[in-house]
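Text of query16.pdb, listed as PDB, C-alpha atoms:
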ATOM      1  CA  MET P  97       0.000   0.000   0.000  1.00  0.00           C
ATOM      2  CA  THR P  98       1.408   3.398  -0.957  1.00  0.00           C
ATOM      3  CA  ALA P  99       1.113   6.506   1.162  1.00  0.00           C
ATOM      4  CA  PRO P 100      -1.400   9.120   0.090  1.00  0.00           C
ATOM      5  CA  LYS P 101       0.040  11.823  -2.148  1.00  0.00           C
ATOM      6  CA  PRO P 102       0.838  14.933  -0.100  1.00  0.00           C
ATOM      7  CA  THR P 103      -1.385  17.903  -0.835  1.00  0.00           C
ATOM      8  CA  ALA P 104      -0.943  21.613  -0.263  1.00  0.00           C
ATOM      9  CA  GLU P 105      -3.101  21.256   2.852  1.00  0.00           C
ATOM     10  CA  SER P 106      -0.842  18.555   4.274  1.00  0.00           C
ATOM     11  CA  ILE P 107       2.470  20.321   3.689  1.00  0.00           C
ATOM     12  CA  SER P 108       3.641  23.541   5.289  1.00  0.00           C
ATOM     13  CA  THR P 109       4.086  26.490   2.952  1.00  0.00           C
ATOM     14  CA  LYS P 110       7.871  26.430   3.293  1.00  0.00           C
ATOM     15  CA  LEU P 111       8.097  22.705   2.568  1.00  0.00           C
ATOM     16  CA  LEU P 112       5.775  23.193  -0.398  1.00  0.00           C
ATOM     17  CA  ARG P 113       8.162  25.819  -1.803  1.00  0.00           C
ATOM     18  CA  VAL P 114      11.067  23.377  -1.415  1.00  0.00           C
ATOM     19  CA  LYS P 115       9.066  20.708  -3.251  1.00  0.00           C
ATOM     20  CA  GLU P 116       8.259  23.085  -6.098  1.00  0.00           C
ATOM     21  CA  ARG P 117      11.881  24.257  -6.372  1.00  0.00           C
ATOM     22  CA  ALA P 118      13.145  20.667  -6.465  1.00  0.00           C
ATOM     23  CA  LYS P 119      10.662  19.879  -9.214  1.00  0.00           C
ATOM     24  CA  ARG P 120      11.710  22.935 -11.261  1.00  0.00           C
ATOM     25  CA  ASP P 121      15.434  22.367 -10.779  1.00  0.00           C
ATOM     26  CA  PRO P 122      16.356  18.696 -10.183  1.00  0.00           C
ATOM     27  CA  GLU P 123      20.043  19.646  -9.899  1.00  0.00           C
ATOM     28  CA  VAL P 124      19.524  21.913  -6.887  1.00  0.00           C
ATOM     29  CA  GLN P 125      21.050  20.705  -3.630  1.00  0.00           C
ATOM     30  CA  PHE P 126      19.483  21.551  -0.297  1.00  0.00           C
ATOM     31  CA  ARG P 127      21.859  21.772   2.650  1.00  0.00           C
ATOM     32  CA  SER P 128      19.375  21.283   5.449  1.00  0.00           C
ATOM     33  CA  LEU P 129      15.620  20.989   5.720  1.00  0.00           C
ATOM     34  CA  ALA P 130      15.397  20.347   9.451  1.00  0.00           C
ATOM     35  CA  HIS P 131      14.504  23.963  10.187  1.00  0.00           C
ATOM     36  CA  LEU P 132      11.350  23.505   8.085  1.00  0.00           C
ATOM     37  CA  LEU P 133       9.978  20.743  10.284  1.00  0.00           C
ATOM     38  CA  ASP P 134       7.532  21.893  12.905  1.00  0.00           C
ATOM     39  CA  VAL P 135       5.254  20.100  15.358  1.00  0.00           C
ATOM     40  CA  ASP P 136       2.404  20.118  12.814  1.00  0.00           C
ATOM     41  CA  ALA P 137       4.596  18.416  10.191  1.00  0.00           C
ATOM     42  CA  LEU P 138       5.650  15.784  12.728  1.00  0.00           C
ATOM     43  CA  ARG P 139       2.005  15.227  13.702  1.00  0.00           C
ATOM     44  CA  ARG P 140       1.033  14.725  10.040  1.00  0.00           C
ATOM     45  CA  ALA P 141       3.866  12.224   9.634  1.00  0.00           C
ATOM     46  CA  TYR P 142       2.680  10.353  12.728  1.00  0.00           C
ATOM     47  CA  GLN P 143      -0.890  10.261  11.412  1.00  0.00           C
ATOM     48  CA  ARG P 144       0.299   8.789   8.101  1.00  0.00           C
ATOM     49  CA  LEU P 145       1.962   5.847   9.868  1.00  0.00           C
ATOM     50  CA  ARG P 146       0.134   2.544   9.570  1.00  0.00           C
ATOM     51  CA  ASN P 147      -1.480   1.560  12.858  1.00  0.00           C
ATOM     52  CA  ARG P 148       0.319  -1.771  12.785  1.00  0.00           C
ATOM     53  CA  ALA P 149       3.678  -0.395  11.648  1.00  0.00           C
ATOM     54  CA  ALA P 150       6.733  -2.126  13.078  1.00  0.00           C
ATOM     55  CA  PRO P 151       8.218  -0.556  16.229  1.00  0.00           C
ATOM     56  CA  GLY P 152      11.176   1.730  15.804  1.00  0.00           C
ATOM     57  CA  GLU P 153      14.735   0.793  16.657  1.00  0.00           C
ATOM     58  CA  ASP P 154      13.982   1.816  20.236  1.00  0.00           C
ATOM     59  CA  GLY P 155      11.068  -0.657  20.401  1.00  0.00           C
ATOM     60  CA  VAL P 156       8.454   2.102  20.658  1.00  0.00           C
ATOM     61  CA  THR P 157       5.263   1.489  18.683  1.00  0.00           C
ATOM     62  CA  LYS P 158       2.882   4.009  17.131  1.00  0.00           C
ATOM     63  CA  GLU P 159       0.423   3.192  19.910  1.00  0.00           C
ATOM     64  CA  ASP P 160       3.092   3.859  22.565  1.00  0.00           C
ATOM     65  CA  ASP P 161       3.968   7.213  21.006  1.00  0.00           C
ATOM     66  CA  GLY P 162       0.309   8.138  20.722  1.00  0.00           C
ATOM     67  CA  GLU P 163      -0.287   7.849  24.463  1.00  0.00           C
ATOM     68  CA  GLN P 164       1.509  11.159  25.035  1.00  0.00           C
ATOM     69  CA  LEU P 165       1.662  12.326  21.450  1.00  0.00           C
ATOM     70  CA  GLU P 166       1.770  16.093  21.988  1.00  0.00           C
ATOM     71  CA  ASP P 167       4.535  15.829  24.601  1.00  0.00           C
ATOM     72  CA  ASN P 168       6.471  13.411  22.377  1.00  0.00           C
ATOM     73  CA  LEU P 169       6.112  15.681  19.344  1.00  0.00           C
ATOM     74  CA  ARG P 170       7.333  18.708  21.290  1.00  0.00           C
ATOM     75  CA  ASP P 171      10.291  16.726  22.648  1.00  0.00           C
ATOM     76  CA  LEU P 172      11.163  15.484  19.164  1.00  0.00           C
ATOM     77  CA  HIS P 173      10.923  18.966  17.696  1.00  0.00           C
TER
END

Show this structure as C-alpha cells.
Amino acid sequence: MTAPKPTAESISTKLLRVKERAKRDPEVQFRSLAHLLDVDALRRAYQRLRNRAAPGEDGVTKEDDGEQLEDNLRDLH
C-alpha cells in the first residue's frame, strides 16, 4: 500500500516551496531541511503511519507514542 500523495493542505508552505523548487530544478542541492519541520509536520507524519507499523529501533510502537503524542512531538521537535 502506498502513502497518500501529499497535498498543499498537508504540507507547510515552506516545505511546499522546497518541493516546487526541487521539481523545477532537479540539480539543486538543499543543505538542510530540518529547520522547516515543525510540530504540525511531525504530527502529520505520525498520522500517516500505519497503525500496525513495526516498532522503531527503540522498540516504541505508534500506539506507545500516541499515548503522550503532543509531549512526544514537542520533545522530538

Selection near Arg139 of chain P, 12 Å with all atoms listed in the file, sequence-local residues under 5 positions removed, as a JSON list (two decimals) with C-alpha atoms, in the coordinates of the input:
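Below is the file that was written, out14.json:
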[["chain", "number", "residue", "atom", "x", "y", "z"],
["P", 106, "SER", "CA", -0.84, 18.56, 4.27],
["P", 107, "ILE", "CA", 2.47, 20.32, 3.69],
["P", 108, "SER", "CA", 3.64, 23.54, 5.29],
["P", 133, "LEU", "CA", 9.98, 20.74, 10.28],
["P", 134, "ASP", "CA", 7.53, 21.89, 12.90],
["P", 144, "ARG", "CA", 0.30, 8.79, 8.10],
["P", 145, "LEU", "CA", 1.96, 5.85, 9.87],
["P", 158, "LYS", "CA", 2.88, 4.01, 17.13],
["P", 161, "ASP", "CA", 3.97, 7.21, 21.01],
["P", 162, "GLY", "CA", 0.31, 8.14, 20.72],
["P", 165, "LEU", "CA", 1.66, 12.33, 21.45],
["P", 166, "GLU", "CA", 1.77, 16.09, 21.99],
["P", 167, "ASP", "CA", 4.54, 15.83, 24.60],
["P", 168, "ASN", "CA", 6.47, 13.41, 22.38],
["P", 169, "LEU", "CA", 6.11, 15.68, 19.34],
["P", 170, "ARG", "CA", 7.33, 18.71, 21.29],
["P", 172, "LEU", "CA", 11.16, 15.48, 19.16],
["P", 173, "HIS", "CA", 10.92, 18.97, 17.70]]

Nearest residue to Asn147 of chain P out of P:Asp121, P:Lys115, P:Asp160, P:Ala130, using all atoms listed in the file?
P:Asp160

Atomic separation - atom CA of Asp171 of chain P relative to atom CA of Leu138 of chain P, Å:
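If I compute the distance from atom CA of Leu138 of chain P to atom CA of Asp171 of chain P, I get 11.0 Å.
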
Distance atom CA of Phe126 of chain P-atom CA of Lys110 of chain P, one decimal place?
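Computing it gives 13.1 Å between the two atoms.
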
Just give me the gap between atom CA of Glu163 of chain P and atom CA of Pro151 of chain P in Å, one decimal is fine.
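Those two atoms sit 14.5 Å apart.
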